[in-house]
Structure formats: structure tokens, C-alpha cells
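A.B. asks: Just so it is clear, I am handing over upload_10.cif, which has mmCIF, N, CA, C and O atoms.
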```
data_my_file
#
loop_
_atom_site.label_atom_id
_atom_site.label_comp_id
_atom_site.auth_asym_id
_atom_site.auth_seq_id
_atom_site.Cartn_x
_atom_site.Cartn_y
_atom_site.Cartn_z
N MET A 1 35.42 195.60 269.82
CA MET A 1 34.81 196.42 268.79
C MET A 1 34.41 195.53 267.63
O MET A 1 35.15 194.66 267.23
N SER A 2 33.24 195.78 267.08
CA SER A 2 32.78 194.96 265.97
C SER A 2 33.52 195.31 264.69
O SER A 2 34.12 196.38 264.56
N GLU A 3 33.45 194.41 263.71
CA GLU A 3 34.10 194.66 262.42
C GLU A 3 33.50 195.88 261.74
O GLU A 3 34.20 196.69 261.15
N ASN A 4 32.19 196.06 261.83
CA ASN A 4 31.53 197.21 261.21
C ASN A 4 32.01 198.52 261.84
O ASN A 4 32.21 199.50 261.14
N ALA A 5 32.19 198.56 263.14
CA ALA A 5 32.66 199.77 263.80
C ALA A 5 34.08 200.08 263.35
O ALA A 5 34.44 201.24 263.14
N THR A 6 34.89 199.08 263.20
CA THR A 6 36.26 199.28 262.73
C THR A 6 36.26 199.82 261.31
O THR A 6 36.99 200.75 260.98
N GLN A 7 35.43 199.27 260.46
CA GLN A 7 35.36 199.72 259.06
C GLN A 7 34.85 201.14 258.96
O GLN A 7 35.37 201.93 258.20
N SER A 8 33.82 201.49 259.72
CA SER A 8 33.23 202.82 259.60
C SER A 8 34.20 203.90 260.07
O SER A 8 34.15 205.01 259.58
N ALA A 9 35.09 203.58 260.98
CA ALA A 9 36.06 204.56 261.45
C ALA A 9 37.04 204.93 260.36
O ALA A 9 37.63 206.00 260.39
N ALA A 10 37.22 204.07 259.37
CA ALA A 10 38.20 204.32 258.31
C ALA A 10 37.58 204.98 257.08
O ALA A 10 38.29 205.23 256.12
N LEU A 11 36.29 205.26 257.09
CA LEU A 11 35.64 205.83 255.92
C LEU A 11 35.95 207.32 255.78
O LEU A 11 36.20 208.01 256.76
N VAL A 12 35.92 207.79 254.54
CA VAL A 12 36.07 209.20 254.23
C VAL A 12 34.84 209.63 253.42
O VAL A 12 34.10 208.80 252.91
N THR A 13 34.66 210.93 253.32
CA THR A 13 33.50 211.46 252.60
C THR A 13 33.91 212.00 251.24
O THR A 13 34.83 212.81 251.14
N ASP A 14 33.21 211.54 250.20
CA ASP A 14 33.38 212.11 248.87
C ASP A 14 32.92 213.56 248.97
O ASP A 14 31.78 213.82 249.37
N PRO A 15 33.78 214.54 248.67
CA PRO A 15 33.40 215.94 248.88
C PRO A 15 32.31 216.43 247.93
O PRO A 15 31.69 217.45 248.21
N VAL A 16 32.06 215.73 246.86
CA VAL A 16 31.06 216.18 245.89
C VAL A 16 29.67 215.69 246.26
O VAL A 16 28.73 216.47 246.40
N CYS A 17 29.51 214.39 246.46
CA CYS A 17 28.17 213.83 246.72
C CYS A 17 27.90 213.53 248.19
O CYS A 17 26.77 213.28 248.56
N GLY A 18 28.95 213.51 249.01
CA GLY A 18 28.78 213.24 250.44
C GLY A 18 28.75 211.77 250.81
O GLY A 18 28.56 211.43 251.97
N MET A 19 28.95 210.90 249.84
CA MET A 19 28.93 209.46 250.10
C MET A 19 30.12 209.05 250.96
O MET A 19 31.24 209.53 250.78
N GLN A 20 29.89 208.17 251.92
CA GLN A 20 30.95 207.61 252.75
C GLN A 20 31.60 206.46 251.97
O GLN A 20 30.90 205.55 251.54
N ILE A 21 32.92 206.52 251.80
CA ILE A 21 33.63 205.50 251.05
C ILE A 21 34.90 205.09 251.77
O ILE A 21 35.45 205.85 252.55
N ASP A 22 35.35 203.90 251.48
CA ASP A 22 36.61 203.39 252.00
C ASP A 22 37.72 203.95 251.12
O ASP A 22 37.71 203.75 249.91
N PRO A 23 38.69 204.66 251.68
CA PRO A 23 39.75 205.22 250.84
C PRO A 23 40.56 204.17 250.09
O PRO A 23 41.11 204.46 249.04
N GLN A 24 40.59 202.95 250.60
CA GLN A 24 41.33 201.88 249.94
C GLN A 24 40.64 201.42 248.65
O GLN A 24 41.29 200.86 247.77
N THR A 25 39.34 201.63 248.55
CA THR A 25 38.59 201.19 247.37
C THR A 25 37.98 202.35 246.58
O THR A 25 37.14 202.13 245.72
N ALA A 26 38.39 203.57 246.88
CA ALA A 26 37.88 204.74 246.15
C ALA A 26 38.16 204.57 244.66
O ALA A 26 39.21 204.06 244.26
N VAL A 27 37.22 205.00 243.83
CA VAL A 27 37.37 204.89 242.38
C VAL A 27 38.56 205.71 241.91
O VAL A 27 39.32 205.28 241.06
N THR A 28 38.71 206.90 242.48
CA THR A 28 39.82 207.77 242.10
C THR A 28 40.11 208.75 243.22
O THR A 28 39.30 208.91 244.14
N THR A 29 41.24 209.40 243.15
CA THR A 29 41.62 210.42 244.13
C THR A 29 42.16 211.64 243.40
O THR A 29 42.52 211.57 242.22
N ARG A 30 42.21 212.74 244.11
CA ARG A 30 42.83 213.96 243.61
C ARG A 30 43.63 214.56 244.75
O ARG A 30 43.23 214.51 245.91
N GLU A 31 44.77 215.16 244.39
CA GLU A 31 45.56 215.94 245.33
C GLU A 31 45.26 217.40 245.04
O GLU A 31 45.30 217.83 243.88
N HIS A 32 44.95 218.17 246.08
CA HIS A 32 44.68 219.59 245.91
C HIS A 32 45.14 220.33 247.15
O HIS A 32 44.74 219.99 248.26
N ASP A 33 46.00 221.30 246.96
CA ASP A 33 46.55 222.09 248.07
C ASP A 33 47.11 221.20 249.18
O ASP A 33 46.94 221.46 250.36
N GLY A 34 47.77 220.11 248.78
CA GLY A 34 48.42 219.23 249.74
C GLY A 34 47.49 218.27 250.46
O GLY A 34 47.90 217.60 251.41
N THR A 35 46.26 218.18 250.03
CA THR A 35 45.27 217.30 250.66
C THR A 35 44.78 216.28 249.64
O THR A 35 44.56 216.63 248.48
N THR A 36 44.60 215.05 250.07
CA THR A 36 44.06 214.01 249.19
C THR A 36 42.55 213.94 249.36
O THR A 36 42.05 213.88 250.49
N PHE A 37 41.85 213.96 248.24
CA PHE A 37 40.40 213.82 248.21
C PHE A 37 40.07 212.49 247.54
O PHE A 37 40.72 212.11 246.57
N TYR A 38 39.05 211.81 248.05
CA TYR A 38 38.66 210.49 247.56
C TYR A 38 37.27 210.59 246.94
O TYR A 38 36.39 211.27 247.47
N PHE A 39 37.07 209.84 245.82
CA PHE A 39 35.81 209.94 245.08
C PHE A 39 35.20 208.58 244.82
O PHE A 39 35.90 207.61 244.55
N CYS A 40 33.87 208.54 244.81
CA CYS A 40 33.12 207.30 244.58
C CYS A 40 32.98 206.99 243.10
O CYS A 40 32.69 205.86 242.74
N SER A 41 33.16 208.03 242.25
CA SER A 41 32.94 207.83 240.82
C SER A 41 33.76 208.84 240.01
O SER A 41 34.13 209.89 240.53
N PRO A 42 33.98 208.53 238.74
CA PRO A 42 34.66 209.49 237.87
C PRO A 42 33.86 210.80 237.73
O PRO A 42 34.44 211.87 237.57
N GLY A 43 32.54 210.71 237.80
CA GLY A 43 31.71 211.91 237.69
C GLY A 43 31.93 212.88 238.84
O GLY A 43 32.01 214.09 238.64
N CYS A 44 32.06 212.35 240.04
CA CYS A 44 32.32 213.21 241.20
C CYS A 44 33.71 213.83 241.08
O CYS A 44 33.89 215.01 241.38
N ALA A 45 34.68 213.05 240.62
CA ALA A 45 36.03 213.58 240.45
C ALA A 45 36.03 214.69 239.40
O ALA A 45 36.70 215.72 239.56
N ALA A 46 35.28 214.52 238.32
CA ALA A 46 35.21 215.53 237.27
C ALA A 46 34.57 216.82 237.79
O ALA A 46 35.02 217.92 237.46
N ALA A 47 33.54 216.69 238.60
CA ALA A 47 32.90 217.87 239.18
C ALA A 47 33.89 218.61 240.09
O ALA A 47 33.97 219.84 240.07
N PHE A 48 34.66 217.86 240.85
CA PHE A 48 35.69 218.44 241.71
C PHE A 48 36.75 219.15 240.86
O PHE A 48 37.15 220.27 241.16
N ASP A 49 37.20 218.49 239.80
CA ASP A 49 38.22 219.06 238.91
C ASP A 49 37.77 220.41 238.33
O ASP A 49 38.58 221.32 238.16
N ALA A 50 36.49 220.54 238.04
CA ALA A 50 35.96 221.75 237.44
C ALA A 50 36.01 222.95 238.39
O ALA A 50 36.17 224.08 237.95
N ASP A 51 35.91 222.68 239.71
CA ASP A 51 35.90 223.78 240.68
C ASP A 51 36.26 223.25 242.07
O ASP A 51 35.41 223.15 242.95
N PRO A 52 37.53 222.89 242.29
CA PRO A 52 37.91 222.26 243.56
C PRO A 52 37.66 223.12 244.79
O PRO A 52 37.35 222.59 245.85
N HIS A 53 37.74 224.43 244.67
CA HIS A 53 37.54 225.28 245.84
C HIS A 53 36.08 225.32 246.29
O HIS A 53 35.80 225.67 247.44
N ARG A 54 35.18 224.94 245.43
CA ARG A 54 33.76 224.89 245.79
C ARG A 54 33.52 223.87 246.90
O ARG A 54 32.63 224.02 247.72
N TYR A 55 34.31 222.80 246.91
CA TYR A 55 34.05 221.69 247.81
C TYR A 55 34.80 221.77 249.13
O TYR A 55 34.46 221.08 250.07
N GLY A 56 35.83 222.58 249.22
CA GLY A 56 36.51 222.84 250.49
C GLY A 56 37.18 221.65 251.11
O GLY A 56 36.99 220.51 250.72
N HIS A 57 37.99 221.91 252.10
CA HIS A 57 38.78 220.87 252.75
C HIS A 57 38.13 220.18 253.94
O HIS A 57 38.64 219.17 254.38
N PRO A 58 37.03 220.63 254.48
CA PRO A 58 36.46 219.90 255.63
C PRO A 58 36.09 218.45 255.30
O PRO A 58 36.02 217.63 256.19
N HIS A 59 35.88 218.12 254.03
CA HIS A 59 35.50 216.77 253.65
C HIS A 59 36.68 215.88 253.33
O HIS A 59 36.51 214.72 253.00
N ALA A 60 37.86 216.42 253.40
CA ALA A 60 39.05 215.66 253.01
C ALA A 60 39.41 214.63 254.07
O ALA A 60 39.06 214.76 255.23
N ALA A 61 40.12 213.62 253.63
CA ALA A 61 40.61 212.60 254.56
C ALA A 61 41.68 213.22 255.45
O ALA A 61 42.41 214.10 255.03
N PRO A 62 41.78 212.73 256.67
CA PRO A 62 42.82 213.24 257.57
C PRO A 62 44.20 212.90 257.09
O PRO A 62 44.41 211.97 256.37
#
```
Would you put the structure from the file into C-alpha cells?
C.D. replies:
Amino acid sequence: MSENATQSAALVTDPVCGMQIDPQTAVTTREHDGTTFYFCSPGCAAAFDADPHRYGHPHAAP
């Protein structure tokens, strides 16, 4: 398996903007209803904070 394939398998989706990010280098995280959410920027985290149920859990990291 190539290095890129290995890296892409570990990516998670920012629930606000949909960007694929590495959870190890996420700008910030939030815990909500027992699930960790990862964000690419403080702005996405702030949008999530304002209405976390809008973004739902399907985008959360496993």
C-alpha cells in the first residue's frame, strides 16, 4: 500500500465545511454526546459550537 493510501484512510471530515483532515493535526476538537469532532479551523469549531445538532454525527471520527 502506498503512503498516500495509508494517510487517506486515517482522515476524518470536518462536519462544518466537509474538508478532509488528519485528526492528529486538526486545529481543534470538540466532544459532543460522547463523540469527538475534528475541525480544520477555529471558525468551523465556532459554527459547530453555535449549533452542534445541525451537523450531526455521520461526519464524526470513528
A.B. asks: Within 9 Å of range 25-28 of chain A, counting only C-alpha atoms, which residues qualify if same-chain residues fewer than 2 places away don't, as an MDAnalysis selection string?
C.D. replies: chainID A and resid 21:23 30 37:42 45
A.B. asks: Could you turn the residues from that selection into a file that holds N, CA, C and O atoms, as a CSV table (one decimal), keeping the file's coordinate frame?
C.D. replies:
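Result saved to part-v3.csv:
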```csv
chain,number,residue,atom,x,y,z
A,21,ILE,N,32.9,206.5,251.8
A,21,ILE,CA,33.6,205.5,251.0
A,21,ILE,C,34.9,205.1,251.8
A,21,ILE,O,35.4,205.8,252.6
A,22,ASP,N,35.4,203.9,251.5
A,22,ASP,CA,36.6,203.4,252.0
A,22,ASP,C,37.7,204.0,251.1
A,22,ASP,O,37.7,203.8,249.9
A,23,PRO,N,38.7,204.7,251.7
A,23,PRO,CA,39.8,205.2,250.8
A,23,PRO,C,40.6,204.2,250.1
A,23,PRO,O,41.1,204.5,249.0
A,30,ARG,N,42.2,212.7,244.1
A,30,ARG,CA,42.8,214.0,243.6
A,30,ARG,C,43.6,214.6,244.8
A,30,ARG,O,43.2,214.5,245.9
A,37,PHE,N,41.8,214.0,248.2
A,37,PHE,CA,40.4,213.8,248.2
A,37,PHE,C,40.1,212.5,247.5
A,37,PHE,O,40.7,212.1,246.6
A,38,TYR,N,39.0,211.8,248.0
A,38,TYR,CA,38.7,210.5,247.6
A,38,TYR,C,37.3,210.6,246.9
A,38,TYR,O,36.4,211.3,247.5
A,39,PHE,N,37.1,209.8,245.8
A,39,PHE,CA,35.8,209.9,245.1
A,39,PHE,C,35.2,208.6,244.8
A,39,PHE,O,35.9,207.6,244.6
A,40,CYS,N,33.9,208.5,244.8
A,40,CYS,CA,33.1,207.3,244.6
A,40,CYS,C,33.0,207.0,243.1
A,40,CYS,O,32.7,205.9,242.7
A,41,SER,N,33.2,208.0,242.2
A,41,SER,CA,32.9,207.8,240.8
A,41,SER,C,33.8,208.8,240.0
A,41,SER,O,34.1,209.9,240.5
A,42,PRO,N,34.0,208.5,238.7
A,42,PRO,CA,34.7,209.5,237.9
A,42,PRO,C,33.9,210.8,237.7
A,42,PRO,O,34.4,211.9,237.6
A,45,ALA,N,34.7,213.0,240.6
A,45,ALA,CA,36.0,213.6,240.4
A,45,ALA,C,36.0,214.7,239.4
A,45,ALA,O,36.7,215.7,239.6
```
A.B. asks: One number please: CA of Gly34 in chain A to CA of Arg54 in chain A, in Å, one decimal.
C.D. replies: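 Computing it gives 16.2 Å between the two atoms.
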A.B. asks: Take atom C of Leu11 in chain A and atom O of Ala50 in chain A and report the distance between them in Å, one decimal.
C.D. replies: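 Going from atom C of Leu11 in chain A over to atom O of Ala50 in chain A, I get 24.5 Å.
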A.B. asks: Please provide as a PyMOL selection string all residues within 12 Å of Val16 in chain A, with the sequence filter that same-chain residues fewer than 2 positions apart are discarded (counting only C-alpha atoms).
C.D. replies: chain A and resi 12-14+18-20+37-60
A.B. asks: As an exercise, work out the distance from atom C of His32 in chain A to atom N of Cys17 in chain A in Å and give it to one decimal place.
C.D. replies: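 About the pair atom C of His32 in chain A and atom N of Cys17 in chain A: they are 16.7 Å apart.
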A.B. asks: With DSSP run on the backbone, what are the alpha helix (DSSP H) residues within range 5-62 of chain A? I'd like them as a short mmCIF file (atom, residue, chain, number, x, y, z; two decimals) with N, CA, C and O atoms, in the frame of the given file.
C.D. replies:
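Listed below is the output, result-v2.cif:
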```cif
data_model
loop_
_atom_site.label_atom_id
_atom_site.label_comp_id
_atom_site.auth_asym_id
_atom_site.auth_seq_id
_atom_site.Cartn_x
_atom_site.Cartn_y
_atom_site.Cartn_z
N ALA A 5 32.19 198.56 263.14
CA ALA A 5 32.66 199.77 263.80
C ALA A 5 34.08 200.08 263.35
O ALA A 5 34.44 201.24 263.14
N THR A 6 34.89 199.08 263.20
CA THR A 6 36.26 199.28 262.73
C THR A 6 36.26 199.82 261.31
O THR A 6 36.99 200.75 260.98
N GLN A 7 35.43 199.27 260.46
CA GLN A 7 35.36 199.72 259.06
C GLN A 7 34.85 201.14 258.96
O GLN A 7 35.37 201.93 258.20
N SER A 8 33.82 201.49 259.72
CA SER A 8 33.23 202.82 259.60
C SER A 8 34.20 203.90 260.07
O SER A 8 34.15 205.01 259.58
N ALA A 9 35.09 203.58 260.98
CA ALA A 9 36.06 204.56 261.45
C ALA A 9 37.04 204.93 260.36
O ALA A 9 37.63 206.00 260.39
N PRO A 42 33.98 208.53 238.74
CA PRO A 42 34.66 209.49 237.87
C PRO A 42 33.86 210.80 237.73
O PRO A 42 34.44 211.87 237.57
N GLY A 43 32.54 210.71 237.80
CA GLY A 43 31.71 211.91 237.69
C GLY A 43 31.93 212.88 238.84
O GLY A 43 32.01 214.09 238.64
N CYS A 44 32.06 212.35 240.04
CA CYS A 44 32.32 213.21 241.20
C CYS A 44 33.71 213.83 241.08
O CYS A 44 33.89 215.01 241.38
N ALA A 45 34.68 213.05 240.62
CA ALA A 45 36.03 213.58 240.45
C ALA A 45 36.03 214.69 239.40
O ALA A 45 36.70 215.72 239.56
N ALA A 46 35.28 214.52 238.32
CA ALA A 46 35.21 215.53 237.27
C ALA A 46 34.57 216.82 237.79
O ALA A 46 35.02 217.92 237.46
N ALA A 47 33.54 216.69 238.60
CA ALA A 47 32.90 217.87 239.18
C ALA A 47 33.89 218.61 240.09
O ALA A 47 33.97 219.84 240.07
N PHE A 48 34.66 217.86 240.85
CA PHE A 48 35.69 218.44 241.71
C PHE A 48 36.75 219.15 240.86
O PHE A 48 37.15 220.27 241.16
N ASP A 49 37.20 218.49 239.80
CA ASP A 49 38.22 219.06 238.91
C ASP A 49 37.77 220.41 238.33
O ASP A 49 38.58 221.32 238.16
N ALA A 50 36.49 220.54 238.04
CA ALA A 50 35.96 221.75 237.44
C ALA A 50 36.01 222.95 238.39
O ALA A 50 36.17 224.08 237.95
N PRO A 52 37.53 222.89 242.29
CA PRO A 52 37.91 222.26 243.56
C PRO A 52 37.66 223.12 244.79
O PRO A 52 37.35 222.59 245.85
N HIS A 53 37.74 224.43 244.67
CA HIS A 53 37.54 225.28 245.84
C HIS A 53 36.08 225.32 246.29
O HIS A 53 35.80 225.67 247.44
N ARG A 54 35.18 224.94 245.43
CA ARG A 54 33.76 224.89 245.79
C ARG A 54 33.52 223.87 246.90
O ARG A 54 32.63 224.02 247.72
N TYR A 55 34.31 222.80 246.91
CA TYR A 55 34.05 221.69 247.81
C TYR A 55 34.80 221.77 249.13
O TYR A 55 34.46 221.08 250.07
#
```
